[in-house]
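Trainee: What follows is coords21.pdb, made up of PDB, C-alpha atoms:
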```
MODEL        1
ATOM      1  CA  MET A 141    -173.728 115.927 106.313
ATOM      2  CA  THR A 142    -172.813 118.787 104.066
ATOM      3  CA  ASN A 143    -169.763 118.875 101.835
ATOM      4  CA  GLU A 144    -168.164 121.517 104.087
ATOM      5  CA  GLU A 145    -168.618 119.322 107.182
ATOM      6  CA  PHE A 146    -167.223 116.348 105.293
ATOM      7  CA  LEU A 147    -164.085 118.232 104.245
ATOM      8  CA  LYS A 148    -163.291 118.953 107.909
ATOM      9  CA  LEU A 149    -163.018 115.203 108.560
ATOM     10  CA  HIS A 150    -159.953 114.790 106.275
ATOM     11  CA  LEU A 151    -160.982 111.366 104.993
ATOM     12  CA  ALA A 152    -159.452 109.692 101.941
ATOM     13  CA  MET A 153    -162.813 108.892 100.358
ATOM     14  CA  THR A 154    -164.745 111.411  98.316
ATOM     15  CA  TYR A 155    -167.956 113.080  99.418
ATOM     16  CA  GLU A 156    -169.868 111.026  96.832
ATOM     17  CA  GLU A 157    -168.393 107.761  98.166
ATOM     18  CA  HIS A 158    -169.337 108.818 101.675
ATOM     19  CA  ASN A 159    -172.938 109.460 100.680
ATOM     20  CA  LYS A 160    -173.180 106.132  98.865
ATOM     21  CA  SER A 161    -171.761 104.124 101.783
ATOM     22  CA  ASP A 162    -173.786 105.967 104.449
ATOM     23  CA  CYS A 163    -176.225 103.409 105.855
ATOM     24  CA  THR A 164    -178.511 106.092 107.280
ATOM     25  CA  GLN A 165    -179.374 107.125 103.711
ATOM     26  CA  CYS A 166    -179.891 103.580 102.425
ATOM     27  CA  SER A 167    -183.277 101.916 101.975
ATOM     28  CA  ARG A 168    -181.858  98.371 102.191
ATOM     29  CA  GLU A 169    -182.677  97.611 105.824
ATOM     30  CA  ASN A 170    -181.659  93.937 105.636
ATOM     31  CA  CYS A 171    -178.309  94.494 103.917
ATOM     32  CA  ILE A 172    -175.623  92.229 105.374
ATOM     33  CA  HIS A 173    -173.083  95.052 105.063
ATOM     34  CA  ARG A 174    -175.213  97.580 106.978
ATOM     35  CA  ASN A 175    -173.083  99.515 109.510
ATOM     36  CA  ALA A 176    -170.134  97.171 108.938
ATOM     37  CA  TYR A 177    -166.629  98.436 108.254
ATOM     38  CA  ARG A 178    -166.389  96.279 105.130
ATOM     39  CA  ARG A 179    -168.938  98.533 103.371
ATOM     40  CA  LEU A 180    -166.464 101.439 103.219
ATOM     41  CA  PRO A 181    -164.387 102.180 100.112
ATOM     42  CA  GLU A 182    -160.905 100.682  99.864
ATOM     43  CA  SER A 183    -159.424 104.168 100.224
ATOM     44  CA  GLU A 184    -160.680 104.103 103.836
ATOM     45  CA  GLY A 185    -159.439 100.582 104.502
ATOM     46  CA  GLY A 186    -162.781  98.895 103.862
ATOM     47  CA  LEU A 187    -163.556  96.192 101.333
ATOM     48  CA  ALA A 188    -165.957  98.307  99.225
ATOM     49  CA  LEU A 189    -168.705  95.688  99.547
ATOM     50  CA  CYS A 190    -171.553  98.184  99.788
ATOM     51  CA  PRO A 191    -173.791  97.533  96.776
ATOM     52  CA  ARG A 192    -174.485 101.254  96.454
ATOM     53  CA  LEU A 193    -170.817 101.974  95.703
ATOM     54  CA  ASN A 194    -171.195 100.082  92.431
ATOM     55  CA  GLU A 195    -174.286 102.000  91.295
TER      56      GLU A 195
ENDMDL
END
```
Using structure tokens, write down the structure that the file contains.

Mentor:
Amino acid sequence: MTNEEFLKLHLAMTYEEHNKSDCTQCSRENCIHRNAYRRLPESEGGLALCPRLNE
């Protein structure tokens, strides 16, 4: 997803946060947070448990 496409979604998280919490771009196939709502940043109502958000 490009930055322009992302801006049309009107989400509270930043484009960088979106890319970090996007499971399709992650190499951790056995992550317990994969495709779960809890992986999203707190600004989107998630729990920010995605390990990539802390990198």

Trainee: Between A:Tyr177, A:Leu149, A:Glu195, A:Met141, which residue has the minimum interatomic distance to Gln165 in chain A, considering all atoms listed in the file?

Mentor: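 Under the stated criterion, the closest residue is A:Met141.
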
Trainee: Would you write out, as a list in words, every residue that the PyMOL selection byres ((chain A and resi 162) around 10) captures in this file?

Mentor: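 That selection, the PyMOL selection byres ((chain A and resi 162) around 10), comes back as Glu156, Glu157, His158, Asn159, Lys160, Ser161, Cys163, Thr164, Gln165, Cys166, Arg174, Asn175, Arg179, Leu180, Cys190 and Arg192 of chain A.
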
Trainee: Give me the box for range 150-166 of chain A as JSON, namely the centre and edge lengths in Å to one decimal of a box along x, y and z that holds every listed atom plus 3 Å on each side.

Mentor:
```
{"center_x": -169.7, "center_y": 109.1, "center_z": 102.1, "size_x": 26.4, "size_y": 17.4, "size_z": 16.4}
```

Trainee: What is the distance, in Å and to one decimal place, between CA of Ala152 in chain A and CA of Arg178 in chain A?

Mentor: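 Calculated distance between CA of Ala152 in chain A and CA of Arg178 in chain A is 15.4 Å.
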
Trainee: When you draw a straight line from CA of Glu182 in chain A to CA of Asn194 in chain A, how long is it in Å?

Mentor: 12.7 Å

Trainee: Report the distance between CA of Ser183 in chain A and CA of Asn170 in chain A in Å, rounded to one decimal place.

Mentor: 25.1 Å

Trainee: Would you please work out which residue, of A:His150, A:Glu169, A:Thr142, A:Leu193, is nearest to Pro181 in chain A when using all atoms listed in the file?

Mentor: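 Smallest separation from Pro181 in chain A among the options: A:Leu193.
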
Trainee: Out of A:Glu144, A:Ile172, A:Ser167, A:Met153, which residue has the shortest atom-to-atom distance to Gly186 in chain A when counting only C-alpha atoms?

Mentor: A:Met153

Trainee: Generate a file for chain A, containing C-alpha atoms, as a CSV table (one decimal), in the first residue's frame.

Mentor:
```
chain,number,residue,atom,x,y,z
A,141,MET,CA,0.0,0.0,0.0
A,142,THR,CA,1.3,3.4,-0.9
A,143,ASN,CA,1.3,6.4,1.3
A,144,GLU,CA,-1.4,8.0,-0.9
A,145,GLU,CA,-3.7,5.0,-0.6
A,146,PHE,CA,-3.1,4.9,3.2
A,147,LEU,CA,-4.1,8.5,3.6
A,148,LYS,CA,-7.5,7.8,2.0
A,149,LEU,CA,-8.3,5.4,4.8
A,150,HIS,CA,-8.3,8.1,7.5
A,151,LEU,CA,-6.8,5.9,10.2
A,152,ALA,CA,-5.3,7.3,13.4
A,153,MET,CA,-2.0,5.4,13.1
A,154,THR,CA,0.8,6.6,11.0
A,155,TYR,CA,1.9,5.1,7.7
A,156,GLU,CA,5.1,3.8,9.4
A,157,GLU,CA,3.0,2.1,12.2
A,158,HIS,CA,0.8,0.5,9.5
A,159,ASN,CA,3.8,-0.9,7.7
A,160,LYS,CA,5.3,-2.3,10.9
A,161,SER,CA,2.0,-4.0,12.0
A,162,ASP,CA,1.2,-5.3,8.5
A,163,CYS,CA,1.5,-9.1,8.8
A,164,THR,CA,1.8,-9.6,5.1
A,165,GLN,CA,5.2,-7.9,5.2
A,166,CYS,CA,6.4,-9.8,8.3
A,167,SER,CA,8.7,-12.8,8.1
A,168,ARG,CA,7.6,-14.2,11.5
A,169,GLU,CA,5.2,-16.8,10.3
A,170,ASN,CA,4.6,-18.4,13.7
A,171,CYS,CA,4.0,-15.1,15.6
A,172,ILE,CA,1.1,-15.4,18.1
A,173,HIS,CA,-0.1,-11.9,17.2
A,174,ARG,CA,-0.2,-12.6,13.4
A,175,ASN,CA,-3.5,-11.2,11.9
A,176,ALA,CA,-4.9,-10.5,15.4
A,177,TYR,CA,-6.4,-7.2,16.4
A,178,ARG,CA,-4.1,-6.9,19.4
A,179,ARG,CA,-1.1,-6.3,17.1
A,180,LEU,CA,-2.4,-2.9,16.1
A,181,PRO,CA,-1.1,0.3,17.7
A,182,GLU,CA,-3.1,1.7,20.6
A,183,SER,CA,-4.1,4.7,18.5
A,184,GLU,CA,-6.3,2.2,16.5
A,185,GLY,CA,-7.7,0.5,19.6
A,186,GLY,CA,-5.2,-2.4,19.6
A,187,LEU,CA,-2.8,-3.4,22.3
A,188,ALA,CA,0.4,-2.7,20.3
A,189,LEU,CA,1.7,-6.2,21.0
A,190,CYS,CA,3.3,-6.6,17.5
A,191,PRO,CA,7.0,-7.0,18.2
A,192,ARG,CA,7.8,-5.0,15.0
A,193,LEU,CA,6.3,-1.9,16.5
A,194,ASN,CA,9.0,-1.8,19.1
A,195,GLU,CA,11.9,-2.1,16.6
```
